[in-house]
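Report on the following structure.
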Amino acid sequence: MLDGFKKFILRGNVVDMAVGVVIGAAFGGVVTALTKDLLTPLIAAIVGKPDFSALHFTINGSLFPVGDFINTCVSFLLIAAAIYFFVVTPVNALVARMRKDPAPADPTTKKCTECLSEIPIDARRCAHCAQPQVGKAA
């Protein structure tokens, strides 16, 4: 029983997933700090203090603190924008730069100079019209 558990834990995808979760949690802290310490004060400097926690309404004695919900939504949007512009866009640009398109294959046929039929590139005469071919490419 422990042998099966050991095989399961040491499989590559389980270890990779564990590393991804740990790195993701650490990166989440970095993005949260970027949003809280840099982006939110920048927005506050431009449009005023972005704190909606004081917004609320009461119905039949029940308090609805909608301001906290608005703060959480604004925080989510800022974090999503920070991830997109500071992580996704640069990584996509890096991957696109590193990806190289394969070189086009050398042609294996050419057009006959007389009848314009496709013939092998090394042919000296056209198989369709029997005209001599000059050079390798027509």
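All residue names refer to the structure tokens as shown: chains lettered A, B, ... in order, residues numbered from 1 in each chain, ligands numbered from 1 in order.
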
Original post:
Using only C-alpha atoms, which residues sit within 9 Å of range 55-57 of chain A once same-chain residues fewer than 4 positions away are excluded, as number ranges by chain?
Top reply: A: 62-68, 70

Original post:
Quick one: DSSP strand (DSSP E) residues in range 11-126 of chain A, as a PyMOL selection string?
Top reply: chain A and resi 57-59+62-64+109-111+118-120

Could the residues in this selection be written to a file with all heavy atoms, as a compact mmCIF listing (two decimals), in the first residue's frame?
# COMPACT_ATOMS: atom_id res chain seq x y z
N PHE A 57 -26.22 50.12 3.11
CA PHE A 57 -27.63 50.48 3.25
C PHE A 57 -28.27 49.50 4.22
O PHE A 57 -27.75 48.42 4.48
CB PHE A 57 -28.35 50.54 1.90
CG PHE A 57 -28.42 49.24 1.16
CD1 PHE A 57 -29.50 48.38 1.35
CD2 PHE A 57 -27.44 48.89 0.26
CE1 PHE A 57 -29.57 47.18 0.66
CE2 PHE A 57 -27.50 47.70 -0.43
CZ PHE A 57 -28.56 46.84 -0.24
N THR A 58 -29.41 49.89 4.76
CA THR A 58 -30.09 49.09 5.76
C THR A 58 -31.51 48.80 5.30
O THR A 58 -32.22 49.71 4.85
CB THR A 58 -30.13 49.83 7.11
OG1 THR A 58 -28.80 50.21 7.47
CG2 THR A 58 -30.72 48.97 8.20
N ILE A 59 -31.93 47.55 5.42
CA ILE A 59 -33.30 47.16 5.12
C ILE A 59 -33.80 46.35 6.31
O ILE A 59 -33.22 45.32 6.67
CB ILE A 59 -33.40 46.31 3.84
CG1 ILE A 59 -32.94 47.12 2.63
CG2 ILE A 59 -34.82 45.80 3.64
CD1 ILE A 59 -32.94 46.33 1.33
N SER A 62 -31.34 45.22 8.85
CA SER A 62 -30.20 44.43 8.38
C SER A 62 -29.26 45.33 7.59
O SER A 62 -29.69 46.04 6.67
CB SER A 62 -30.66 43.28 7.48
OG SER A 62 -31.43 42.36 8.20
N LEU A 63 -28.00 45.30 7.96
CA LEU A 63 -26.99 46.14 7.32
C LEU A 63 -26.39 45.41 6.12
O LEU A 63 -26.00 44.25 6.22
CB LEU A 63 -25.88 46.48 8.33
CG LEU A 63 -24.76 47.38 7.82
CD1 LEU A 63 -25.29 48.78 7.51
CD2 LEU A 63 -23.66 47.45 8.85
N PHE A 64 -26.32 46.08 4.98
CA PHE A 64 -25.73 45.55 3.75
C PHE A 64 -24.49 46.38 3.41
O PHE A 64 -24.61 47.45 2.81
CB PHE A 64 -26.73 45.59 2.59
CG PHE A 64 -27.88 44.64 2.76
CD1 PHE A 64 -29.03 45.03 3.43
CD2 PHE A 64 -27.81 43.37 2.24
CE1 PHE A 64 -30.09 44.16 3.59
CE2 PHE A 64 -28.86 42.49 2.39
CZ PHE A 64 -30.01 42.88 3.07
N THR A 109 9.34 20.56 -57.76
CA THR A 109 8.85 20.65 -59.13
C THR A 109 9.06 22.06 -59.65
O THR A 109 9.31 23.00 -58.89
CB THR A 109 7.35 20.30 -59.22
OG1 THR A 109 6.61 21.22 -58.44
CG2 THR A 109 7.09 18.88 -58.76
N LYS A 110 8.93 22.18 -60.98
CA LYS A 110 8.99 23.49 -61.63
C LYS A 110 8.00 23.47 -62.78
O LYS A 110 7.44 22.42 -63.13
CB LYS A 110 10.40 23.77 -62.15
CG LYS A 110 10.88 22.80 -63.23
CD LYS A 110 12.27 23.12 -63.68
CE LYS A 110 12.72 22.08 -64.72
NZ LYS A 110 14.07 22.34 -65.18
N LYS A 111 7.74 24.63 -63.34
CA LYS A 111 6.82 24.73 -64.47
C LYS A 111 7.60 24.61 -65.77
O LYS A 111 8.69 25.15 -65.91
CB LYS A 111 6.09 26.06 -64.43
CG LYS A 111 5.17 26.20 -63.24
CD LYS A 111 3.85 26.76 -63.69
CE LYS A 111 2.95 26.95 -62.48
NZ LYS A 111 1.88 26.03 -62.48
N GLU A 118 3.54 21.03 -64.48
CA GLU A 118 4.45 20.75 -63.38
C GLU A 118 5.32 19.57 -63.75
O GLU A 118 4.82 18.50 -64.12
CB GLU A 118 3.67 20.43 -62.09
CG GLU A 118 2.95 21.62 -61.49
CD GLU A 118 3.87 22.60 -60.81
OE1 GLU A 118 4.89 22.19 -60.23
OE2 GLU A 118 3.56 23.80 -60.86
N ILE A 119 6.65 19.75 -63.66
CA ILE A 119 7.59 18.67 -63.96
C ILE A 119 8.63 18.62 -62.85
O ILE A 119 8.81 19.60 -62.12
CB ILE A 119 8.27 18.89 -65.34
CG1 ILE A 119 9.01 20.23 -65.38
CG2 ILE A 119 7.26 18.79 -66.46
CD1 ILE A 119 9.83 20.45 -66.63
N PRO A 120 9.33 17.49 -62.67
CA PRO A 120 10.37 17.42 -61.64
C PRO A 120 11.43 18.50 -61.87
O PRO A 120 11.72 18.87 -63.01
CB PRO A 120 10.96 16.02 -61.81
CG PRO A 120 9.88 15.24 -62.47
CD PRO A 120 9.14 16.21 -63.34

Subject >> Among the residues A:Asp106, A:Ser117, A:Thr72, A:Ser53, the one that comes closest to Cys129 in chain A [using only C-alpha atoms] >> reply: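 Closest to Cys129 in chain A of all the choices is A:Ser117.
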
**OP:** Mind listing the alpha helix (DSSP H) residues of range 20-96 of chain A, per DSSP on the backbone, as an NGL selection string?
**Re:** :A and (20-34 or 40-47 or 66-83 or 89-96)

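Minimum distance to Gln131 in chain A across A:Val31, A:Lys6, A:Ala82, A:Cys115 (counting only C-alpha atoms) occurs at A:Cys115.
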
**OP:** Work out how far CA of Phe85 in chain A is from CA of Ala25 in chain A, in Å to one decimal.
**Re:**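 Atom-to-atom, CA of Ala25 in chain A and CA of Phe85 in chain A are spaced 19.1 Å apart.
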
Subject >> Nearest to Ser75 in chain A by atom-to-atom distance, counting only C-alpha atoms, from A:Leu39, A:Val14, A:Met1, A:Cys126 >> reply: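 Looking at the shortest contact to Ser75 in chain A, the residue is A:Leu39.
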
Original post:
Which is closer to Pro41 in chain A than all the others in A:Leu78, A:Val19, A:Cys73, A:Ala54, using only C-alpha atoms?
Top reply: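 The answer is A:Leu78, which sits nearest to Pro41 in chain A.
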
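Compared by their closest atoms to Thr35 in chain A, and using only C-alpha atoms, the residues A:Phe76, A:Asn92, A:Val47, A:Val15 rank with A:Phe76 nearest.
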
Subject >> Straight-line distance linking CA of Ala33 in chain A with CA of Phe52 in chain A, stated in Å to one decimal >> reply: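 According to the coordinates, CA of Ala33 in chain A and CA of Phe52 in chain A are separated by 19.4 Å.
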